[in-house]
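Working notes, beginning with the structure itself.
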Amino acid sequence: MSTSNDEAIRLLQEYYEAVCVVQRDTPEAIQGIIDDPFSAVWLAYLEEKAVGCVVLRKLASIPFAGECKRLYVQPAARGNGIANNLLEVQEDFARTKGLRWIYLDSYDDLKAAIALYLQRGYVSCARYNDNPQATVFLRKYIGSRS
């Protein structure tokens with residue numbers, strides 16, 4: 001695996017610990033996401049250090065949809081617009097792959113993240129997965145840019 005893959009795994013492990021994630025992806029599962037042409041992992045850098053990440057995984061259960069997972073920015077790097085930029089890049093990529101919707105789940109305690117999602121146009125939707133920790137389900141229509 002490359003250095004950026006190692007950085008992605010390091011950031012994802014930080015995220016898991018920070019929000020006490022129960023259902024964690026293995027390094028092999030992360031590599032599978034990286035290798036899938038409809039999925040991706042993005043890293044954000046600040047002063048040449050990887051400080052944030054987000055994952056997009058194509059949803060097999062919903063046509064033309066992907067799932068935003070693992071949005072994380074290290075506490076010291078917050079306030080620089082990194083999370084917003086990661087979501088912007090993710091949405092642009094999803095459009096190029098023909099996706100029309102991005103779904104995500106979260107839970108009530110992650111108030112700053114939920115506020116960001118709502119600000120970016122995500123709206124409440126029905127539960128779409130079996131994540132036992134999730135209490136909030138959102139989706140956004142990204143359609144295509146004309």
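Following the order of the structure tokens, first chain is A, next is B, and so on, with residues numbered from 1 inside each chain and ligands from 1 in the order they appear.
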(Q) Can you tell me which residues surround Ile82 of chain A at a distance of at most 10 Å, considering only C-alpha atoms, apart from same-chain residues fewer than 6 positions away, and format the answer as a VMD selection string? (A) chain A and resid 43 to 46 51 to 53 72 to 74 88
Residues just named, written with C-alpha atoms as a PDB file, in the first residue's frame:
ATOM      1  CA  LEU A  43      -7.449  13.078   2.141  1.00  0.00           C
ATOM      2  CA  ALA A  44      -7.045  16.732   3.049  1.00  0.00           C
ATOM      3  CA  TYR A  45      -3.617  18.162   3.774  1.00  0.00           C
ATOM      4  CA  LEU A  46      -2.593  21.137   5.839  1.00  0.00           C
ATOM      5  CA  VAL A  51      -5.440  16.087   8.600  1.00  0.00           C
ATOM      6  CA  GLY A  52      -8.810  15.015   7.203  1.00  0.00           C
ATOM      7  CA  CYS A  53     -10.633  12.414   5.166  1.00  0.00           C
ATOM      8  CA  TYR A  72     -13.222  13.502   9.781  1.00  0.00           C
ATOM      9  CA  VAL A  73     -10.931  16.462  10.382  1.00  0.00           C
ATOM     10  CA  GLN A  74      -8.384  16.393  13.186  1.00  0.00           C
ATOM     11  CA  GLU A  88     -17.516  19.436  -2.315  1.00  0.00           C
TER      12      GLU A  88
END
Q: Run DSSP on the backbone and grab whatever in chain A lands in strand (DSSP E or B); send it over as an MDAnalysis selection string.
A: chainID A and resid 40:46 49:58 65:73 101:106 123:124 136:141
With N, CA, C and O atoms retained, export the selected residues as a short mmCIF file (atom, residue, chain, number, x, y, z; two decimals), in the first residue's frame.
data_model
loop_
_atom_site.label_atom_id
_atom_site.label_comp_id
_atom_site.auth_asym_id
_atom_site.auth_seq_id
_atom_site.Cartn_x
_atom_site.Cartn_y
_atom_site.Cartn_z
N ALA A 40 -14.42 6.09 -3.46
CA ALA A 40 -13.14 6.77 -3.30
C ALA A 40 -12.93 7.18 -1.85
O ALA A 40 -13.88 7.24 -1.06
N VAL A 41 -11.68 7.47 -1.55
CA VAL A 41 -11.28 8.04 -0.26
C VAL A 41 -10.48 9.30 -0.59
O VAL A 41 -9.56 9.25 -1.42
N TRP A 42 -10.83 10.40 0.04
CA TRP A 42 -10.08 11.65 -0.14
C TRP A 42 -9.40 12.01 1.15
O TRP A 42 -9.97 11.84 2.23
N LEU A 43 -8.19 12.56 1.00
CA LEU A 43 -7.45 13.08 2.14
C LEU A 43 -7.27 14.58 1.95
O LEU A 43 -7.11 15.05 0.83
N ALA A 44 -7.31 15.30 3.07
CA ALA A 44 -7.04 16.73 3.05
C ALA A 44 -5.73 16.97 3.78
O ALA A 44 -5.47 16.36 4.82
N TYR A 45 -4.94 17.86 3.21
CA TYR A 45 -3.62 18.16 3.77
C TYR A 45 -3.55 19.61 4.23
O TYR A 45 -4.11 20.50 3.59
N LEU A 46 -2.87 19.81 5.32
CA LEU A 46 -2.59 21.14 5.84
C LEU A 46 -1.12 21.12 6.21
O LEU A 46 -0.68 20.27 7.00
N LYS A 49 0.64 17.76 5.88
CA LYS A 49 0.26 16.68 6.78
C LYS A 49 -1.21 16.32 6.52
O LYS A 49 -2.06 17.21 6.43
N ALA A 50 -1.50 15.03 6.39
CA ALA A 50 -2.89 14.59 6.19
C ALA A 50 -3.65 14.84 7.49
O ALA A 50 -3.31 14.30 8.54
N VAL A 51 -4.69 15.69 7.40
CA VAL A 51 -5.44 16.09 8.60
C VAL A 51 -6.93 15.78 8.51
O VAL A 51 -7.67 15.99 9.47
N GLY A 52 -7.38 15.28 7.35
CA GLY A 52 -8.81 15.02 7.20
C GLY A 52 -9.06 14.00 6.11
O GLY A 52 -8.20 13.74 5.27
N CYS A 53 -10.27 13.41 6.17
CA CYS A 53 -10.63 12.41 5.17
C CYS A 53 -12.15 12.33 5.03
O CYS A 53 -12.90 12.78 5.89
N VAL A 54 -12.55 11.73 3.93
CA VAL A 54 -13.95 11.37 3.70
C VAL A 54 -13.96 10.21 2.71
O VAL A 54 -13.07 10.10 1.87
N VAL A 55 -14.97 9.37 2.84
CA VAL A 55 -15.11 8.19 2.00
C VAL A 55 -16.44 8.28 1.26
O VAL A 55 -17.45 8.69 1.84
N LEU A 56 -16.43 7.89 0.00
CA LEU A 56 -17.67 7.71 -0.76
C LEU A 56 -17.71 6.25 -1.18
O LEU A 56 -16.75 5.74 -1.75
N ARG A 57 -18.82 5.61 -0.86
CA ARG A 57 -19.00 4.21 -1.24
C ARG A 57 -20.30 4.12 -2.04
O ARG A 57 -21.33 4.65 -1.62
N LYS A 58 -20.24 3.47 -3.20
CA LYS A 58 -21.46 3.29 -3.99
C LYS A 58 -22.41 2.40 -3.21
O LYS A 58 -22.00 1.40 -2.64
N ALA A 65 -26.93 5.94 -6.31
CA ALA A 65 -26.65 6.55 -5.01
C ALA A 65 -25.31 6.09 -4.46
O ALA A 65 -24.87 4.96 -4.67
N GLY A 66 -24.70 7.01 -3.72
CA GLY A 66 -23.49 6.70 -2.99
C GLY A 66 -23.72 7.07 -1.53
O GLY A 66 -24.71 7.71 -1.18
N GLU A 67 -22.78 6.64 -0.70
CA GLU A 67 -22.89 6.92 0.73
C GLU A 67 -21.64 7.65 1.20
O GLU A 67 -20.52 7.19 0.97
N CYS A 68 -21.85 8.77 1.84
CA CYS A 68 -20.78 9.53 2.47
C CYS A 68 -20.48 8.88 3.82
O CYS A 68 -21.37 8.72 4.64
N LYS A 69 -19.21 8.52 4.01
CA LYS A 69 -18.81 7.87 5.25
C LYS A 69 -17.55 8.54 5.79
O LYS A 69 -16.74 9.05 5.03
N ARG A 70 -17.39 8.46 7.09
CA ARG A 70 -16.12 8.75 7.76
C ARG A 70 -15.56 10.15 7.51
O ARG A 70 -14.36 10.33 7.41
N LEU A 71 -16.44 11.16 7.42
CA LEU A 71 -15.94 12.53 7.32
C LEU A 71 -15.27 12.87 8.64
O LEU A 71 -15.88 12.79 9.71
N TYR A 72 -13.99 13.22 8.57
CA TYR A 72 -13.22 13.50 9.78
C TYR A 72 -12.15 14.54 9.49
O TYR A 72 -11.46 14.47 8.47
N VAL A 73 -12.02 15.49 10.41
CA VAL A 73 -10.93 16.46 10.38
C VAL A 73 -10.35 16.50 11.79
O VAL A 73 -11.09 16.60 12.77
N TRP A 101 -27.65 10.79 -5.96
CA TRP A 101 -27.94 10.96 -4.53
C TRP A 101 -26.71 10.59 -3.70
O TRP A 101 -25.99 9.65 -4.05
N ILE A 102 -26.53 11.31 -2.62
CA ILE A 102 -25.56 10.90 -1.61
C ILE A 102 -26.32 10.77 -0.30
O ILE A 102 -27.03 11.70 0.12
N TYR A 103 -26.20 9.61 0.30
CA TYR A 103 -26.82 9.31 1.58
C TYR A 103 -25.74 9.33 2.66
O TYR A 103 -24.56 9.13 2.37
N LEU A 104 -26.15 9.55 3.89
CA LEU A 104 -25.23 9.41 5.01
C LEU A 104 -26.02 9.14 6.27
O LEU A 104 -27.21 9.43 6.36
N ASP A 105 -25.32 8.53 7.21
CA ASP A 105 -25.91 8.36 8.53
C ASP A 105 -24.98 9.01 9.55
O ASP A 105 -23.80 9.21 9.29
N SER A 106 -25.55 9.37 10.67
CA SER A 106 -24.79 9.99 11.75
C SER A 106 -25.52 9.69 13.04
O SER A 106 -26.44 8.87 13.07
N VAL A 123 -31.05 16.53 3.54
CA VAL A 123 -32.35 16.55 4.22
C VAL A 123 -32.59 15.17 4.85
O VAL A 123 -32.02 14.16 4.43
N SER A 124 -33.45 15.15 5.85
CA SER A 124 -33.77 13.90 6.54
C SER A 124 -34.39 12.90 5.57
O SER A 124 -35.13 13.28 4.66
N VAL A 136 -29.48 9.42 12.88
CA VAL A 136 -29.81 10.47 11.91
C VAL A 136 -29.50 9.93 10.52
O VAL A 136 -28.42 9.38 10.29
N PHE A 137 -30.46 10.08 9.61
CA PHE A 137 -30.28 9.62 8.24
C PHE A 137 -30.60 10.79 7.31
O PHE A 137 -31.67 11.39 7.41
N LEU A 138 -29.65 11.09 6.44
CA LEU A 138 -29.79 12.24 5.55
C LEU A 138 -29.46 11.83 4.13
O LEU A 138 -28.74 10.84 3.90
N ARG A 139 -29.95 12.62 3.17
CA ARG A 139 -29.58 12.42 1.78
C ARG A 139 -29.61 13.77 1.07
O ARG A 139 -30.26 14.71 1.52
N LYS A 140 -28.87 13.81 -0.04
CA LYS A 140 -28.83 15.03 -0.85
C LYS A 140 -28.92 14.63 -2.31
O LYS A 140 -28.21 13.72 -2.76
N TYR A 141 -29.78 15.34 -3.03
CA TYR A 141 -29.85 15.15 -4.48
C TYR A 141 -28.73 15.99 -5.09
O TYR A 141 -28.67 17.19 -4.89
#
Q: Please indicate the distance in Å from atom CA of Ala126 of chain A to atom CA of Thr96 of chain A, rounded to one decimal place.
A: 25.8 Å
Q: Assign secondary structure with DSSP using the backbone only, and return the residues of segment 11-146 of chain A in alpha helix (DSSP H) as a PyMOL selection string.
A: chain A and resi 11-18+27-35+82-96+111-119
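Between Ala94 of chain A and the residues A:Ile30, A:Ile114, A:Ile142, A:Ala60, the shortest atom-to-atom distance, using only C-alpha atoms, involves A:Ile142.
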Q) In Å, how far is it from atom CA of Tyr107 of chain A to atom CA of Gly121 of chain A? A) 17.6 Å
Q: Identify, on the basis of only C-alpha atoms, every residue whose closest approach to Lys97 of chain A does not exceed 9 Å; exclude the query and any residue fewer than 6 positions from it along the same chain; express the result as a PyMOL selection string.
A: chain A and resi 37-38+64
Q. Which residue, A:Leu11, A:Phe93, A:Gly81, A:Asp6, has the smallest gap to Glu28 of chain A when you use only C-alpha atoms?
A. A:Asp6
Q | Proximity to Asn84 of chain A - best of A:Leu116, A:Leu110, A:Leu99, A:Ile62, only C-alpha atoms | A | A:Leu116
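Atom CA of Gln90 of chain A is positioned 19.9 Å from atom CA of Cys125 of chain A.
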